[in-house]
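One file, my_file.txt, is given below (compact mmCIF, C-alpha atoms (C1' of nucleotides)).
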```txt
# COMPACT_ATOMS: atom_id res chain seq x y z
CA MET A 30 -24.89 -6.22 18.08
CA SER A 31 -27.40 -3.56 19.06
CA TYR A 32 -27.65 -0.28 17.24
CA LYS A 33 -27.45 1.65 20.49
CA ILE A 34 -24.18 0.11 21.67
CA VAL A 35 -22.43 1.09 18.43
CA GLN A 36 -24.00 4.54 18.45
CA ASP A 37 -22.94 5.20 22.02
CA TYR A 38 -19.45 3.89 21.33
CA LEU A 39 -18.94 6.36 18.48
CA SER A 40 -20.54 9.22 20.40
CA GLY A 41 -18.19 8.47 23.25
CA TYR A 42 -15.30 9.33 20.91
CA GLY A 43 -17.07 12.48 19.73
CA ILE A 44 -17.84 10.89 16.36
CA ARG A 45 -21.20 11.62 14.78
CA PRO A 46 -22.85 8.22 14.34
CA SER A 47 -23.88 8.18 10.70
CA LEU A 48 -25.29 5.07 9.07
CA GLN A 49 -22.02 4.37 7.26
CA ARG A 50 -19.82 4.89 10.31
CA MET A 51 -22.01 2.69 12.45
CA ALA A 52 -21.93 -0.03 9.82
CA VAL A 53 -18.12 0.04 9.65
CA MET A 54 -17.75 0.15 13.41
CA GLU A 55 -20.29 -2.61 13.93
CA TYR A 56 -18.49 -4.75 11.38
CA LEU A 57 -15.24 -4.40 13.28
CA MET A 58 -16.96 -5.10 16.60
CA THR A 59 -18.55 -8.31 15.38
CA HIS A 60 -15.75 -9.61 13.14
CA ARG A 61 -12.47 -10.31 14.84
CA THR A 62 -10.72 -11.13 11.55
CA HIS A 63 -8.67 -7.90 11.27
CA PRO A 64 -10.18 -7.06 7.87
CA THR A 65 -8.81 -4.68 5.27
CA ALA A 66 -10.76 -1.66 4.03
CA ASP A 67 -11.74 -3.55 0.92
CA GLU A 68 -12.97 -6.58 2.85
CA ILE A 69 -15.17 -4.30 4.91
CA TYR A 70 -16.42 -2.55 1.78
CA SER A 71 -17.26 -5.85 0.09
CA ALA A 72 -19.14 -7.07 3.14
CA LEU A 73 -21.15 -3.88 3.60
CA ALA A 74 -21.82 -2.89 -0.01
CA PRO A 75 -24.69 -5.39 -0.44
CA VAL A 76 -26.35 -4.05 2.72
CA ILE A 77 -25.79 -0.36 1.96
CA PRO A 78 -26.04 -0.25 -1.85
CA THR A 79 -24.93 3.39 -2.14
CA LEU A 80 -21.83 2.84 -0.01
CA SER A 81 -18.62 4.13 -1.53
CA ARG A 82 -15.14 2.72 -1.09
CA THR A 83 -13.89 6.22 -0.33
CA THR A 84 -16.27 6.45 2.61
CA VAL A 85 -14.94 3.21 4.04
CA TYR A 86 -11.35 4.44 3.68
CA ASN A 87 -12.19 7.84 5.17
CA THR A 88 -14.15 6.32 8.01
CA LEU A 89 -11.42 3.87 8.94
CA SER A 90 -8.74 6.59 8.91
CA MET A 91 -10.92 8.77 11.06
CA LEU A 92 -11.84 6.05 13.53
CA ALA A 93 -8.17 5.13 13.88
CA ALA A 94 -7.12 8.76 14.31
CA CYS A 95 -9.70 9.15 17.11
CA GLY A 96 -8.53 5.96 18.79
CA ALA A 97 -11.84 4.18 18.31
CA ILE A 98 -10.13 1.39 16.37
CA GLN A 99 -6.56 0.25 15.76
CA SER A 100 -4.83 0.10 12.40
CA LEU A 101 -2.37 -2.68 11.74
CA ASP A 102 0.60 -2.45 9.42
CA LEU A 103 1.13 -6.14 8.98
CA ASP A 104 1.37 -7.29 5.42
CA GLY A 105 3.09 -4.66 3.41
CA GLY A 106 0.45 -4.00 0.82
CA ARG A 107 -2.69 -3.27 2.72
CA MET A 108 -3.78 -1.97 6.09
CA HIS A 109 -5.74 -4.16 8.48
CA TYR A 110 -8.12 -2.88 11.13
CA ASP A 111 -8.96 -4.08 14.60
CA GLY A 112 -11.99 -3.01 16.60
CA ASP A 113 -10.32 -4.06 19.82
CA THR A 114 -8.21 -1.21 21.14
CA THR A 115 -6.98 -2.94 24.28
CA PRO A 116 -3.21 -3.40 24.08
CA HIS A 117 -2.32 -6.66 22.38
CA ALA A 118 0.08 -8.09 19.82
CA HIS A 119 -0.53 -9.88 16.52
CA PHE A 120 0.79 -12.82 14.59
CA ILE A 121 0.30 -12.95 10.82
CA CYS A 122 0.83 -16.09 8.78
CA THR A 123 2.71 -15.20 5.61
CA ARG A 124 1.26 -18.23 3.85
CA CYS A 125 -2.49 -18.13 4.55
CA GLY A 126 -2.72 -14.53 5.78
CA THR A 127 -4.57 -15.36 9.00
CA ILE A 128 -4.00 -12.90 11.81
CA HIS A 129 -4.05 -14.07 15.42
CA ASP A 130 -4.40 -11.89 18.50
CA ILE A 131 -1.94 -12.30 21.33
CA PHE A 132 -3.05 -10.92 24.67
CA PRO A 133 -0.19 -10.57 27.10
CA GLU A 134 -0.78 -9.68 30.73
CA THR A 135 -1.31 -5.95 30.95
CA GLN A 136 1.61 -5.48 33.31
CA GLU A 137 3.95 -7.13 30.81
CA TRP A 138 2.79 -4.79 28.10
CA HIS A 139 3.61 -1.81 30.29
CA ARG A 140 6.92 -3.33 31.24
CA THR A 141 7.83 -3.60 27.54
CA LEU A 142 6.92 0.02 26.95
CA ALA A 143 9.02 1.06 29.92
CA HIS A 144 12.06 -0.89 28.76
CA VAL A 145 11.85 0.03 25.08
CA PRO A 146 11.39 3.76 25.44
CA PRO A 147 10.47 5.96 22.46
CA PRO A 148 12.81 8.89 21.65
CA ALA A 149 12.88 11.67 24.24
CA GLY A 150 10.35 14.42 23.54
CA ALA A 151 8.34 12.33 21.09
CA THR A 152 4.56 12.01 21.32
CA VAL A 153 3.56 8.40 20.87
CA THR A 154 0.11 7.79 19.44
CA GLU A 155 0.33 4.13 18.47
CA MET A 156 2.33 1.09 19.36
CA GLN A 157 2.46 -2.19 17.51
CA LEU A 158 4.07 -5.49 18.36
CA SER A 159 3.83 -8.14 15.70
CA TYR A 160 5.20 -11.46 14.60
CA LYS A 161 5.32 -12.89 11.11
CA GLY A 162 5.80 -16.50 10.15
CA LEU A 163 3.84 -19.66 9.47
CA CYS A 164 0.83 -20.56 11.62
CA ALA A 165 0.61 -24.04 13.08
CA LYS A 166 -1.48 -25.38 10.19
CA CYS A 167 0.79 -23.92 7.51
CA THR A 168 3.90 -25.10 9.34
CA THR A 169 2.58 -28.66 9.07
CA LEU A 170 1.63 -28.23 5.42
CA ASN A 171 5.09 -26.86 4.71
CA ILE A 172 6.84 -29.82 6.29
CA ASN A 173 4.75 -32.11 4.09
CA ASN A 174 5.75 -30.03 1.05
CA ASN A 175 2.24 -29.02 0.05
CA MET B 4 32.86 0.29 3.20
CA SER B 5 35.17 -2.26 1.64
CA TYR B 6 34.07 -4.48 -1.19
CA LYS B 7 35.29 -7.56 0.62
CA ILE B 8 33.25 -6.99 3.77
CA VAL B 9 30.02 -6.76 1.78
CA GLN B 10 30.96 -9.73 -0.37
CA ASP B 11 31.74 -11.88 2.64
CA TYR B 12 28.58 -10.79 4.38
CA LEU B 13 26.43 -11.94 1.47
CA SER B 14 28.40 -15.14 0.99
CA GLY B 15 27.87 -15.86 4.67
CA TYR B 16 24.16 -16.01 3.98
CA GLY B 17 24.68 -18.19 0.92
CA ILE B 18 23.88 -15.31 -1.41
CA ARG B 19 25.88 -15.00 -4.61
CA PRO B 20 27.47 -11.55 -4.43
CA SER B 21 26.55 -9.93 -7.72
CA LEU B 22 27.33 -6.29 -8.42
CA GLN B 23 23.70 -5.27 -7.88
CA ARG B 24 23.27 -7.21 -4.66
CA MET B 25 26.49 -5.84 -3.24
CA ALA B 26 25.42 -2.30 -4.11
CA VAL B 27 22.06 -2.71 -2.36
CA MET B 28 23.62 -4.36 0.67
CA GLU B 29 26.37 -1.79 0.89
CA TYR B 30 23.82 1.00 0.70
CA LEU B 31 21.94 -0.46 3.66
CA MET B 32 25.13 -0.97 5.61
CA THR B 33 26.27 2.61 5.17
CA HIS B 34 22.91 4.40 5.38
CA ARG B 35 21.02 3.99 8.62
CA THR B 36 17.97 5.87 7.30
CA HIS B 37 15.69 2.85 6.83
CA PRO B 38 15.18 3.60 3.13
CA THR B 39 12.42 2.33 0.87
CA ALA B 40 13.11 0.29 -2.27
CA ASP B 41 12.62 3.37 -4.38
CA GLU B 42 15.00 5.49 -2.32
CA ILE B 43 17.66 2.83 -2.76
CA TYR B 44 16.98 2.64 -6.48
CA SER B 45 17.22 6.41 -6.87
CA ALA B 46 20.51 6.49 -4.98
CA LEU B 47 22.08 3.64 -6.93
CA ALA B 48 20.73 4.28 -10.41
CA PRO B 49 23.29 7.03 -11.20
CA VAL B 50 26.12 4.71 -10.14
CA ILE B 51 24.82 1.61 -11.94
CA PRO B 52 23.12 3.09 -15.00
CA THR B 53 21.60 -0.20 -16.13
CA LEU B 54 20.05 -0.92 -12.73
CA SER B 55 16.41 -1.85 -12.82
CA ARG B 56 13.80 -1.13 -10.18
CA THR B 57 12.71 -4.76 -10.37
CA THR B 58 16.19 -5.88 -9.39
CA VAL B 59 16.14 -3.68 -6.33
CA TYR B 60 12.74 -5.03 -5.30
CA ASN B 61 13.79 -8.63 -5.92
CA THR B 62 17.09 -8.19 -4.13
CA LEU B 63 15.50 -6.62 -1.08
CA SER B 64 12.88 -9.37 -0.81
CA MET B 65 15.54 -11.99 -1.15
CA LEU B 66 17.90 -10.41 1.38
CA ALA B 67 15.03 -10.12 3.85
CA ALA B 68 13.92 -13.71 3.27
CA CYS B 69 17.48 -14.89 3.95
CA GLY B 70 17.69 -12.82 7.11
CA ALA B 71 20.51 -10.63 5.79
CA ILE B 72 18.41 -7.51 6.27
CA GLN B 73 15.19 -6.62 8.07
CA SER B 74 12.03 -5.32 6.41
CA LEU B 75 9.91 -2.81 8.27
CA ASP B 76 6.19 -2.43 7.85
CA LEU B 77 5.94 1.03 9.29
CA ASP B 78 4.08 3.50 7.17
CA GLY B 79 1.27 1.72 5.42
CA GLY B 80 2.18 2.51 1.87
CA ARG B 81 5.73 1.38 1.43
CA MET B 82 8.21 -1.03 2.95
CA HIS B 83 11.34 0.23 4.65
CA TYR B 84 14.56 -1.73 4.98
CA ASP B 85 17.16 -1.94 7.70
CA GLY B 86 20.62 -3.39 7.27
CA ASP B 87 20.93 -3.91 11.00
CA THR B 88 19.43 -7.26 11.94
CA THR B 89 20.15 -7.10 15.65
CA PRO B 90 16.87 -7.01 17.59
CA HIS B 91 15.64 -3.48 18.04
CA ALA B 92 12.48 -1.42 17.86
CA HIS B 93 11.54 1.61 15.72
CA PHE B 94 9.78 4.90 16.09
CA ILE B 95 8.33 6.60 13.02
CA CYS B 96 7.22 10.21 12.96
CA THR B 97 3.92 10.45 11.12
CA ARG B 98 4.62 14.08 10.26
CA CYS B 99 8.18 14.13 8.87
CA GLY B 100 8.60 10.41 8.26
CA THR B 101 11.87 10.07 10.14
CA ILE B 102 12.52 6.65 11.61
CA HIS B 103 14.49 6.26 14.80
CA ASP B 104 16.08 3.08 16.12
CA ILE B 105 15.43 2.03 19.69
CA PHE B 106 17.90 -0.43 21.14
CA PRO B 107 16.64 -2.04 24.30
CA GLU B 108 18.84 -4.23 26.44
CA THR B 109 18.98 -7.66 24.86
CA GLN B 110 17.60 -9.36 27.93
CA GLU B 111 14.55 -7.10 27.86
CA TRP B 112 13.91 -8.02 24.25
CA HIS B 113 13.96 -11.68 25.12
CA ARG B 114 11.77 -11.06 28.14
CA THR B 115 9.17 -9.43 25.87
CA LEU B 116 9.26 -12.39 23.50
CA ALA B 117 8.81 -14.78 26.39
CA HIS B 118 5.82 -12.90 27.80
CA VAL B 119 4.06 -12.22 24.50
CA PRO B 120 4.20 -15.71 23.06
CA PRO B 121 3.25 -16.42 19.42
CA PRO B 122 0.52 -19.00 18.80
CA ALA B 123 1.43 -22.59 19.69
CA GLY B 124 2.95 -24.50 16.80
CA ALA B 125 3.68 -21.40 14.75
CA THR B 126 7.08 -20.78 13.16
CA VAL B 127 8.11 -17.20 13.76
CA THR B 128 10.45 -15.69 11.18
CA GLU B 129 10.19 -11.98 12.01
CA MET B 130 9.25 -9.81 14.92
CA GLN B 131 8.60 -6.11 14.88
CA LEU B 132 8.00 -3.64 17.67
CA SER B 133 7.18 -0.12 16.56
CA TYR B 134 5.84 3.18 17.75
CA LYS B 135 4.15 5.87 15.71
CA GLY B 136 3.67 9.48 16.66
CA LEU B 137 5.38 12.85 16.43
CA CYS B 138 9.12 13.14 16.93
CA ALA B 139 10.45 15.75 19.35
CA LYS B 140 10.94 18.36 16.63
CA CYS B 141 7.50 17.84 15.11
CA THR B 142 5.86 17.84 18.54
CA THR B 143 7.26 21.32 19.11
CA LEU B 144 6.21 22.51 15.65
CA ASN B 145 2.74 21.15 16.27
CA ILE B 146 2.34 23.01 19.54
CA ASN B 147 3.32 26.21 17.74
CA ASN B 148 0.73 25.42 15.06
CA ASN B 149 3.13 25.31 12.14
C1' DA C 18 -42.20 22.98 8.39
C1' DG C 19 -38.74 25.37 5.69
C1' DC C 20 -34.03 27.48 5.36
C1' DT C 21 -29.16 27.52 5.84
C1' DC C 22 -24.64 26.07 6.59
C1' DA C 23 -21.48 22.83 7.91
C1' DT C 24 -20.46 18.15 7.53
C1' DA C 25 -20.60 13.61 5.24
C1' DT C 26 -20.86 10.77 1.25
C1' DT C 27 -20.23 9.57 -3.39
C1' DG C 28 -17.90 8.53 -7.85
C1' DT C 29 -14.35 9.20 -10.85
C1' DA C 30 -9.80 9.83 -11.87
C1' DA C 31 -5.18 9.80 -10.44
C1' DT C 32 -1.09 8.10 -7.87
C1' DA C 33 2.12 5.05 -6.05
C1' DA C 34 4.09 0.68 -4.57
C1' DG C 35 4.90 -3.55 -5.89
C1' DT C 36 4.53 -7.88 -8.94
C1' DA C 37 4.36 -10.87 -13.24
C1' DC C 38 6.58 -12.19 -16.93
C1' DA C 39 9.36 -12.97 -20.85
C1' DA C 40 13.56 -11.58 -23.11
C1' DA C 41 18.39 -10.64 -22.66
C1' DA C 42 22.66 -10.96 -20.20
C1' DA C 43 25.90 -12.97 -17.20
C1' DT C 44 27.86 -16.74 -14.84
C1' DG C 45 29.67 -21.37 -13.90
C1' DA C 46 30.38 -26.14 -14.98
C1' DA C 47 31.67 -29.64 -18.26
C1' DT D 14 33.53 -23.32 -26.33
C1' DT D 15 29.13 -24.91 -25.27
C1' DC D 16 25.25 -25.55 -22.48
C1' DA D 17 22.40 -24.92 -18.55
C1' DT D 18 21.30 -22.19 -14.80
C1' DT D 19 20.90 -17.97 -12.56
C1' DT D 20 20.40 -13.06 -12.63
C1' DT D 21 19.01 -8.83 -14.49
C1' DT D 22 16.24 -5.95 -17.21
C1' DG D 23 12.11 -3.49 -19.07
C1' DT D 24 7.43 -3.33 -19.82
C1' DA D 25 2.93 -4.02 -18.56
C1' DC D 26 -0.15 -4.87 -15.06
C1' DT D 27 -2.39 -5.12 -10.50
C1' DT D 28 -3.82 -3.39 -6.21
C1' DA D 29 -4.32 -0.19 -2.35
C1' DT D 30 -5.05 4.28 -1.43
C1' DT D 31 -5.77 9.29 -2.11
C1' DA D 32 -7.46 13.71 -4.42
C1' DC D 33 -11.07 16.17 -5.52
C1' DA D 34 -15.32 18.08 -7.01
C1' DA D 35 -20.20 17.31 -6.94
C1' DT D 36 -24.03 15.85 -4.39
C1' DA D 37 -26.54 14.62 -0.30
C1' DT D 38 -27.53 14.82 4.54
C1' DG D 39 -28.53 16.65 9.05
C1' DA D 40 -28.72 19.88 13.13
C1' DG D 41 -30.12 24.14 14.63
C1' DC D 42 -32.70 28.32 13.85
C1' DT D 43 -36.90 31.06 12.38
```
What would you get if you wrote out this structure as structure tokens?
Amino acid sequence: MSYKIVQDYLSGYGIRPSLQRMAVMEYLMTHRTHPTADEIYSALAPVIPTLSRTTVYNTLSMLAACGAIQSLDLDGGRMHYDGDTTPHAHFICTRCGTIHDIFPETQEWHRTLAHVPPPAGATVTEMQLSYKGLCAKCTTLNINNN
Amino acid sequence: MSYKIVQDYLSGYGIRPSLQRMAVMEYLMTHRTHPTADEIYSALAPVIPTLSRTTVYNTLSMLAACGAIQSLDLDGGRMHYDGDTTPHAHFICTRCGTIHDIFPETQEWHRTLAHVPPPAGATVTEMQLSYKGLCAKCTTLNINNN
DNA sequence: AGCTCATATTGTAATAAGTACAAAAATGAA
DNA sequence: TTCATTTTTGTACTTATTACAATATGAGCT
């Protein structure tokens, strides 16, 4: 992924494109695995030896607050992040932890929002639709008692 | 809430109705505040002086796994619990933490499920639809810069 | 270039939620 | 009652995240 694309993306959200921020953003753009803050830190630390965990946490919170990325409350303990901000749902496997994207037709997404309306007067900043269960592979393993 | 109702409810899920389990379940049935494990512990500890935090955590996990209650991954840090297992969505205010229930028409809920299908072959055990933002009260406070 | 001030990053220490585990207690069956 | 199983308890630990103060960086001005 080119330097300039990431830089322009951040600038477009009014975010100053520092080395660290670009690295985090680029990681999320090129890895569709919905990583946690720590996974991102571990991947980037070898490349940016001075990188601090705190910076990764701060950067992710900031990017999410600006709407440049999406944060996912999926597995209780830790937060996952998604560089794709187009409206979509997620499935998380409670056995292997894999997270799958589910892209509904845009009109269906809007229909859901219209029929499950947030409280009157509230300002909605995020919406999340998620499923938990066993993925196909783990369902099979489970049947075979592994 | 009568002892017998709670007891029968747990028995219906094949859960042995111990004193501790009944207390936790009864708390969730009579408090629609979507409490965390610690809030439940703090409320029950004075009534059951020997109660242990671990028991509350274990009980909640078990009740959720059996489908007797619903667990809500809403605010990153901690898990919230809901004694109402009928399908409904939630709104959480990121400022004051209040959680509101949103009850859509049942047919709309099913329509959403049908149009946002989980991965093929997966076994879905939980579904969660949630909004985050500022509640009406906090929206007003925010405008007035409080 | 050098200076200055605001912003960003770093590292350490602290917090907070939840889990592991082994001992003790309670329960139920024989 | 006795024995085995289940449940509860308490302590210690792990893990994710935040607080905070010190340091570094960078953009604009002279």
Wanna dump the chain D-chain A contacts at 12 Å for me, each residue with its shortest atom pair and the distance in Å to one decimal, counting all atoms listed in the file, ordered by chain and number, as a tab-separated table?
```
residue	atom	partner	partner_atom	distance
D:DT27	C1'	A:Gly106	CA	11.7
D:DT28	C1'	A:Gly106	CA	8.2
D:DA29	C1'	A:Arg107	CA	6.2
D:DT30	C1'	A:Tyr86	CA	8.1
D:DT31	C1'	A:Thr83	CA	8.9
D:DA32	C1'	A:Thr83	CA	10.7
D:DC33	C1'	A:Thr83	CA	11.6
D:DA37	C1'	A:Thr79	CA	11.5
D:DT38	C1'	A:Ser47	CA	9.8
D:DG39	C1'	A:Ser47	CA	9.8
D:DA40	C1'	A:Arg45	CA	11.3
```
**Request:** Residues of chain A no more than 9 Å from chain B, counting only C-alpha atoms: send them over as a count of residues only.
**Result:** 49
**Complete:** From the list A:Leu80, A:Val35, A:Ala52, A:Leu57, the nearest residue to chain C using all atoms listed in the file is A:Leu80
**Asked** Mind pulling up the distance from CA of Met32 (chain B) to CA of Met4 (chain B)?
**Response**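 Between CA of Met4 (chain B) and CA of Met32 (chain B) the gap is 8.2 Å.
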Within 12 Å of DT36 (chain D), counting only C-alpha atoms (C1' of nucleotides), which residues qualify if same-chain residues fewer than 6 places away don't, as a compact mmCIF listing (two decimals) with C-alpha atoms (C1' of nucleotides), in the coordinates of the input?
```txt
# COMPACT_ATOMS: atom_id res chain seq x y z
C1' DA C 25 -20.60 13.61 5.24
C1' DT C 26 -20.86 10.77 1.25
C1' DT C 27 -20.23 9.57 -3.39
C1' DG C 28 -17.90 8.53 -7.85
```
**Message:** Set the cut-off to 12 Å and count all atoms listed in the file: what are the residues of chain C that reach chain B? Output as an NGL selection string.
**Reply:** :C and (32-38 or 42-45)
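Counting only C-alpha atoms (C1' of nucleotides) and comparing D:DC42, D:DA35, D:DC26, D:DA17, the residue that lies closest to DA46 (chain C) is D:DA17.
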**Asked** Expressed in Å to a single decimal, how great is the separation between CA of Ser90 (chain A) and CA of Ser40 (chain A)?
**Response**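 A separation of 16.7 Å between them.
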**Asked** To one decimal place, how far is CA of Arg45 (chain A) from C1' of DA30 (chain C) in Å?
**Response**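 Atom-to-atom, CA of Arg45 (chain A) and C1' of DA30 (chain C) are spaced 29.0 Å apart.
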